[in-house]
>>> print(open('protein.txt').read())   # compact mmCIF, N, CA and C atoms
# COMPACT_ATOMS: atom_id res chain seq x y z
N MET A 1 19.03 -14.29 120.30
CA MET A 1 18.57 -14.55 118.95
C MET A 1 18.86 -13.32 118.09
N GLN A 2 19.23 -13.57 116.86
CA GLN A 2 19.48 -12.47 115.92
C GLN A 2 18.19 -12.07 115.23
N ARG A 3 18.14 -10.83 114.81
CA ARG A 3 16.94 -10.29 114.18
C ARG A 3 17.38 -9.42 113.01
N ILE A 4 16.63 -9.47 111.92
CA ILE A 4 16.91 -8.62 110.77
C ILE A 4 15.72 -7.71 110.53
N ILE A 5 16.04 -6.47 110.20
CA ILE A 5 15.03 -5.49 109.82
C ILE A 5 15.47 -4.90 108.49
N ILE A 6 14.61 -4.97 107.51
CA ILE A 6 14.91 -4.40 106.19
C ILE A 6 13.76 -3.47 105.82
N GLU A 7 14.12 -2.29 105.35
CA GLU A 7 13.12 -1.34 104.86
C GLU A 7 13.59 -0.77 103.53
N HIS A 8 12.68 -0.71 102.59
CA HIS A 8 12.89 -0.05 101.29
C HIS A 8 14.07 -0.63 100.51
N LEU A 9 14.08 -1.95 100.37
CA LEU A 9 15.11 -2.62 99.56
C LEU A 9 14.40 -3.52 98.57
N GLY A 10 14.44 -3.15 97.30
CA GLY A 10 13.75 -3.92 96.28
C GLY A 10 12.26 -3.96 96.56
N ALA A 11 11.70 -5.16 96.50
CA ALA A 11 10.27 -5.33 96.74
C ALA A 11 9.91 -5.25 98.23
N ILE A 12 10.91 -5.25 99.10
CA ILE A 12 10.68 -5.21 100.54
C ILE A 12 10.44 -3.78 100.98
N LYS A 13 9.26 -3.51 101.49
CA LYS A 13 8.96 -2.19 102.06
C LYS A 13 9.29 -2.17 103.55
N HIS A 14 8.97 -3.28 104.25
CA HIS A 14 9.32 -3.40 105.67
C HIS A 14 9.18 -4.86 106.07
N ILE A 15 10.23 -5.37 106.69
CA ILE A 15 10.16 -6.72 107.27
C ILE A 15 11.04 -6.75 108.51
N GLU A 16 10.53 -7.41 109.52
CA GLU A 16 11.29 -7.71 110.73
C GLU A 16 11.12 -9.19 110.98
N MET A 17 12.23 -9.89 111.14
CA MET A 17 12.11 -11.33 111.43
C MET A 17 13.31 -11.80 112.24
N ASP A 18 13.04 -12.79 113.10
CA ASP A 18 14.10 -13.42 113.85
C ASP A 18 14.85 -14.37 112.92
N ILE A 19 16.16 -14.40 113.08
CA ILE A 19 16.98 -15.28 112.26
C ILE A 19 17.15 -16.59 113.02
N LYS A 20 16.65 -17.64 112.46
CA LYS A 20 16.74 -18.96 113.07
C LYS A 20 17.67 -19.83 112.24
N LYS A 21 17.82 -21.05 112.66
CA LYS A 21 18.73 -21.97 111.97
C LYS A 21 18.27 -22.23 110.53
N MET A 22 16.97 -22.26 110.32
CA MET A 22 16.45 -22.57 108.99
C MET A 22 15.17 -21.78 108.73
N HIS A 23 15.02 -21.32 107.49
CA HIS A 23 13.82 -20.59 107.07
C HIS A 23 13.33 -21.15 105.75
N LEU A 24 12.06 -21.07 105.54
CA LEU A 24 11.45 -21.40 104.27
C LEU A 24 10.67 -20.17 103.83
N LEU A 25 11.12 -19.55 102.75
CA LEU A 25 10.45 -18.36 102.23
C LEU A 25 9.59 -18.76 101.04
N ILE A 26 8.32 -18.49 101.13
CA ILE A 26 7.38 -18.85 100.08
C ILE A 26 6.65 -17.59 99.65
N GLY A 27 6.51 -17.41 98.34
CA GLY A 27 5.77 -16.26 97.85
C GLY A 27 5.84 -16.16 96.35
N GLU A 28 5.07 -15.25 95.83
CA GLU A 28 5.04 -15.00 94.39
C GLU A 28 6.40 -14.49 93.91
N GLN A 29 6.64 -14.61 92.64
CA GLN A 29 7.85 -14.10 92.03
C GLN A 29 7.90 -12.57 92.20
N GLY A 30 9.08 -12.07 92.56
CA GLY A 30 9.26 -10.62 92.68
C GLY A 30 8.75 -10.03 93.98
N THR A 31 8.53 -10.85 95.01
CA THR A 31 8.02 -10.33 96.27
C THR A 31 9.09 -10.10 97.32
N GLY A 32 10.35 -10.47 97.03
CA GLY A 32 11.45 -10.15 97.93
C GLY A 32 12.09 -11.33 98.65
N LYS A 33 11.76 -12.55 98.27
CA LYS A 33 12.36 -13.72 98.93
C LYS A 33 13.88 -13.71 98.80
N SER A 34 14.38 -13.50 97.61
CA SER A 34 15.83 -13.46 97.38
C SER A 34 16.46 -12.26 98.07
N THR A 35 15.76 -11.15 98.10
CA THR A 35 16.28 -9.95 98.77
C THR A 35 16.48 -10.21 100.25
N ILE A 36 15.55 -10.89 100.88
CA ILE A 36 15.69 -11.24 102.30
C ILE A 36 16.91 -12.14 102.49
N ALA A 37 17.04 -13.17 101.64
CA ALA A 37 18.17 -14.09 101.75
C ALA A 37 19.50 -13.35 101.54
N LYS A 38 19.55 -12.45 100.56
CA LYS A 38 20.77 -11.68 100.32
C LYS A 38 21.09 -10.76 101.49
N GLY A 39 20.06 -10.17 102.09
CA GLY A 39 20.26 -9.30 103.25
C GLY A 39 20.86 -10.06 104.42
N ILE A 40 20.33 -11.25 104.70
CA ILE A 40 20.87 -12.07 105.77
C ILE A 40 22.31 -12.46 105.46
N TYR A 41 22.56 -12.88 104.23
CA TYR A 41 23.92 -13.26 103.82
C TYR A 41 24.88 -12.08 103.98
N TYR A 42 24.49 -10.92 103.51
CA TYR A 42 25.36 -9.75 103.57
C TYR A 42 25.70 -9.39 105.01
N LEU A 43 24.69 -9.32 105.87
CA LEU A 43 24.94 -8.91 107.25
C LEU A 43 25.77 -9.93 108.01
N ARG A 44 25.59 -11.21 107.73
CA ARG A 44 26.45 -12.22 108.34
C ARG A 44 27.86 -12.13 107.79
N ASN A 45 27.99 -11.78 106.54
CA ASN A 45 29.30 -11.65 105.89
C ASN A 45 30.10 -10.49 106.49
N VAL A 46 29.42 -9.44 106.93
CA VAL A 46 30.11 -8.29 107.53
C VAL A 46 30.95 -8.76 108.72
N LYS A 47 30.39 -9.59 109.57
CA LYS A 47 31.11 -10.10 110.74
C LYS A 47 32.35 -10.87 110.29
N SER A 48 32.23 -11.72 109.31
CA SER A 48 33.37 -12.50 108.82
C SER A 48 34.44 -11.61 108.20
N MET A 49 34.02 -10.61 107.45
CA MET A 49 34.97 -9.72 106.81
C MET A 49 35.78 -8.93 107.85
N ILE A 50 35.12 -8.47 108.90
CA ILE A 50 35.83 -7.74 109.96
C ILE A 50 36.81 -8.67 110.68
N ALA A 51 36.37 -9.89 110.98
CA ALA A 51 37.24 -10.84 111.66
C ALA A 51 38.45 -11.18 110.78
N ASN A 52 38.23 -11.42 109.49
CA ASN A 52 39.34 -11.72 108.58
C ASN A 52 40.31 -10.56 108.48
N TYR A 53 39.77 -9.36 108.41
CA TYR A 53 40.60 -8.16 108.34
C TYR A 53 41.50 -8.07 109.57
N LEU A 54 40.91 -8.24 110.75
CA LEU A 54 41.67 -8.12 111.98
C LEU A 54 42.71 -9.22 112.13
N CYS A 55 42.36 -10.44 111.75
CA CYS A 55 43.32 -11.55 111.83
C CYS A 55 44.50 -11.32 110.89
N GLU A 56 44.21 -10.94 109.66
CA GLU A 56 45.28 -10.70 108.70
C GLU A 56 46.16 -9.53 109.13
N LEU A 57 45.55 -8.50 109.64
CA LEU A 57 46.29 -7.34 110.13
C LEU A 57 47.19 -7.73 111.30
N TYR A 58 46.66 -8.53 112.21
CA TYR A 58 47.42 -8.96 113.37
C TYR A 58 48.61 -9.85 112.96
N GLU A 59 48.36 -10.78 112.04
CA GLU A 59 49.39 -11.74 111.66
C GLU A 59 50.45 -11.17 110.74
N THR A 60 50.08 -10.26 109.85
CA THR A 60 51.02 -9.80 108.83
C THR A 60 51.27 -8.30 108.85
N GLY A 61 50.40 -7.55 109.52
CA GLY A 61 50.51 -6.09 109.48
C GLY A 61 50.04 -5.52 108.16
N GLN A 62 49.42 -6.38 107.34
CA GLN A 62 48.93 -5.95 106.02
C GLN A 62 47.50 -6.43 105.83
N TYR A 63 46.88 -5.92 104.78
CA TYR A 63 45.56 -6.39 104.39
C TYR A 63 45.58 -6.61 102.89
N LYS A 64 45.33 -7.85 102.49
CA LYS A 64 45.39 -8.25 101.08
C LYS A 64 46.74 -7.89 100.46
N GLY A 65 47.79 -8.08 101.24
CA GLY A 65 49.14 -7.87 100.73
C GLY A 65 49.58 -6.43 100.67
N HIS A 66 48.79 -5.51 101.18
CA HIS A 66 49.13 -4.08 101.16
C HIS A 66 49.22 -3.56 102.60
N ALA A 67 50.10 -2.63 102.80
CA ALA A 67 50.20 -1.99 104.11
C ALA A 67 48.89 -1.27 104.40
N VAL A 68 48.44 -1.39 105.62
CA VAL A 68 47.18 -0.75 106.01
C VAL A 68 47.46 0.72 106.26
N GLY A 69 46.64 1.55 105.64
CA GLY A 69 46.80 2.99 105.78
C GLY A 69 46.29 3.50 107.11
N LYS A 70 45.90 4.71 107.13
CA LYS A 70 45.48 5.38 108.35
C LYS A 70 44.15 4.88 108.89
N SER A 71 43.29 4.40 108.01
CA SER A 71 41.92 4.19 108.42
C SER A 71 41.45 2.75 108.26
N PHE A 72 41.06 2.14 109.38
CA PHE A 72 40.41 0.83 109.35
C PHE A 72 39.14 0.91 108.50
N TYR A 73 38.39 1.97 108.71
CA TYR A 73 37.11 2.15 108.03
C TYR A 73 37.29 2.14 106.51
N ARG A 74 38.25 2.87 105.99
CA ARG A 74 38.42 3.01 104.54
C ARG A 74 38.75 1.67 103.89
N GLU A 75 39.68 0.93 104.49
CA GLU A 75 40.10 -0.36 103.93
C GLU A 75 38.93 -1.34 103.87
N LEU A 76 38.25 -1.48 104.98
CA LEU A 76 37.16 -2.43 105.06
C LEU A 76 35.93 -1.95 104.30
N ASN A 77 35.68 -0.67 104.28
CA ASN A 77 34.52 -0.12 103.58
C ASN A 77 34.55 -0.47 102.09
N ASP A 78 35.73 -0.45 101.48
CA ASP A 78 35.83 -0.80 100.07
C ASP A 78 35.34 -2.23 99.82
N ASP A 79 35.75 -3.17 100.68
CA ASP A 79 35.31 -4.55 100.52
C ASP A 79 33.82 -4.71 100.76
N LEU A 80 33.31 -4.07 101.80
CA LEU A 80 31.89 -4.17 102.10
C LEU A 80 31.04 -3.55 100.97
N THR A 81 31.51 -2.44 100.45
CA THR A 81 30.80 -1.78 99.35
C THR A 81 30.73 -2.68 98.12
N GLN A 82 31.84 -3.30 97.77
CA GLN A 82 31.86 -4.18 96.59
C GLN A 82 30.96 -5.40 96.79
N THR A 83 30.94 -5.95 98.00
CA THR A 83 30.05 -7.08 98.28
C THR A 83 28.60 -6.65 98.17
N PHE A 84 28.26 -5.49 98.72
CA PHE A 84 26.89 -4.99 98.65
C PHE A 84 26.47 -4.77 97.20
N ILE A 85 27.34 -4.15 96.41
CA ILE A 85 27.03 -3.89 95.00
C ILE A 85 26.81 -5.19 94.24
N SER A 86 27.63 -6.20 94.53
CA SER A 86 27.48 -7.47 93.82
C SER A 86 26.14 -8.14 94.14
N LEU A 87 25.60 -7.89 95.33
CA LEU A 87 24.32 -8.49 95.72
C LEU A 87 23.11 -7.66 95.32
N PHE A 88 23.20 -6.33 95.50
CA PHE A 88 22.02 -5.48 95.36
C PHE A 88 22.10 -4.45 94.24
N GLY A 89 23.24 -4.28 93.64
CA GLY A 89 23.39 -3.29 92.59
C GLY A 89 23.91 -1.97 93.14
N TYR A 90 24.08 -1.03 92.26
CA TYR A 90 24.61 0.28 92.64
C TYR A 90 23.58 1.11 93.39
N SER A 91 24.05 2.00 94.23
CA SER A 91 23.16 2.76 95.10
C SER A 91 22.21 3.67 94.33
N ARG A 92 22.56 4.03 93.11
CA ARG A 92 21.64 4.91 92.36
C ARG A 92 20.32 4.20 92.06
N ASN A 93 20.30 2.86 92.18
CA ASN A 93 19.07 2.10 91.95
C ASN A 93 18.33 1.79 93.24
N LEU A 94 18.86 2.22 94.35
CA LEU A 94 18.26 1.90 95.65
C LEU A 94 17.45 3.07 96.19
N ASP A 95 16.44 2.75 96.96
CA ASP A 95 15.61 3.76 97.60
C ASP A 95 16.45 4.53 98.63
N GLU A 96 16.28 5.83 98.68
CA GLU A 96 17.04 6.67 99.62
C GLU A 96 16.70 6.33 101.07
N LYS A 97 15.55 5.72 101.31
CA LYS A 97 15.12 5.39 102.67
C LYS A 97 15.56 3.99 103.10
N LEU A 98 16.46 3.36 102.32
CA LEU A 98 16.93 2.01 102.64
C LEU A 98 17.46 1.95 104.06
N TYR A 99 17.04 0.90 104.75
CA TYR A 99 17.51 0.65 106.11
C TYR A 99 17.66 -0.85 106.26
N MET A 100 18.82 -1.27 106.77
CA MET A 100 19.02 -2.70 106.97
C MET A 100 19.89 -2.89 108.18
>>> encode(input="protein.txt", output="structure tokens")
Amino acid sequence: MQRIIIEHLGAIKHIEMDIKKMHLLIGEQGTGKSTIAKGIYYLRNVKSMIANYLCELYETGQYKGHAVGKSFYRELNDDLTQTFISLFGYSRNLDEKLYM
């Protein structure tokens, strides 16, 4: 079973929960329901992004039509960073103790 732990992200100070096939999040406005959903989406997306990167690299020797440079980390990190920013905003707005 998969498990998510989020600390210091938006309204979420600490949550640990098992990821099941379906969840129903109920709560007041601004309590972190969307943040939990975005966290699950982002972490599941990481796996897909890595798989897509490796498949494209294997099939074409390129990533997004460009030759892959020296670092796997650098190429993929740019995509992961942009996805994170689109969901949660820029890091200057995030708690320094963020853990996910």
>>> select_by_dssp(input="protein.txt", residues="region 31-89 of chain A", states="strand (DSSP E)", output="VMD selection string")
chain A and resid 62 to 63 66 to 67
>>> atom_distance(input="protein.txt", atom1="atom C of Ile36 (chain A)", atom2="atom C of Glu7 (chain A)")
11.9 Å
>>> select_by_dssp(input="protein.txt", residues="chain A", states="helix (DSSP H, G or I)", output="number ranges by chain")
A: 33-60, 72-88, 91-93
>>> atom_distance(input="protein.txt", atom1="atom N of Lys13 (chain A)", atom2="atom C of Leu87 (chain A)")
15.7 Å
>>> atom_distance(input="protein.txt", atom1="atom N of Lys33 (chain A)", atom2="atom N of Leu80 (chain A)")
23.4 Å
>>> residues_around(input="protein.txt", residues="region 45-60 of chain A", least_positions_apart="6", cutoff="9 Å", atoms="only C-alpha atoms", output="MDAnalysis selection string")
chainID A and resid 67:68 75:76 79:80 83
>>> residues_around(input="protein.txt", residues="Ile15 (chain A)", least_positions_apart="3", cutoff="6 Å", atoms="all atoms listed in the file", output="list in words")
Ile4, Ile5, Ile6, Glu7 and Ile12 of chain A
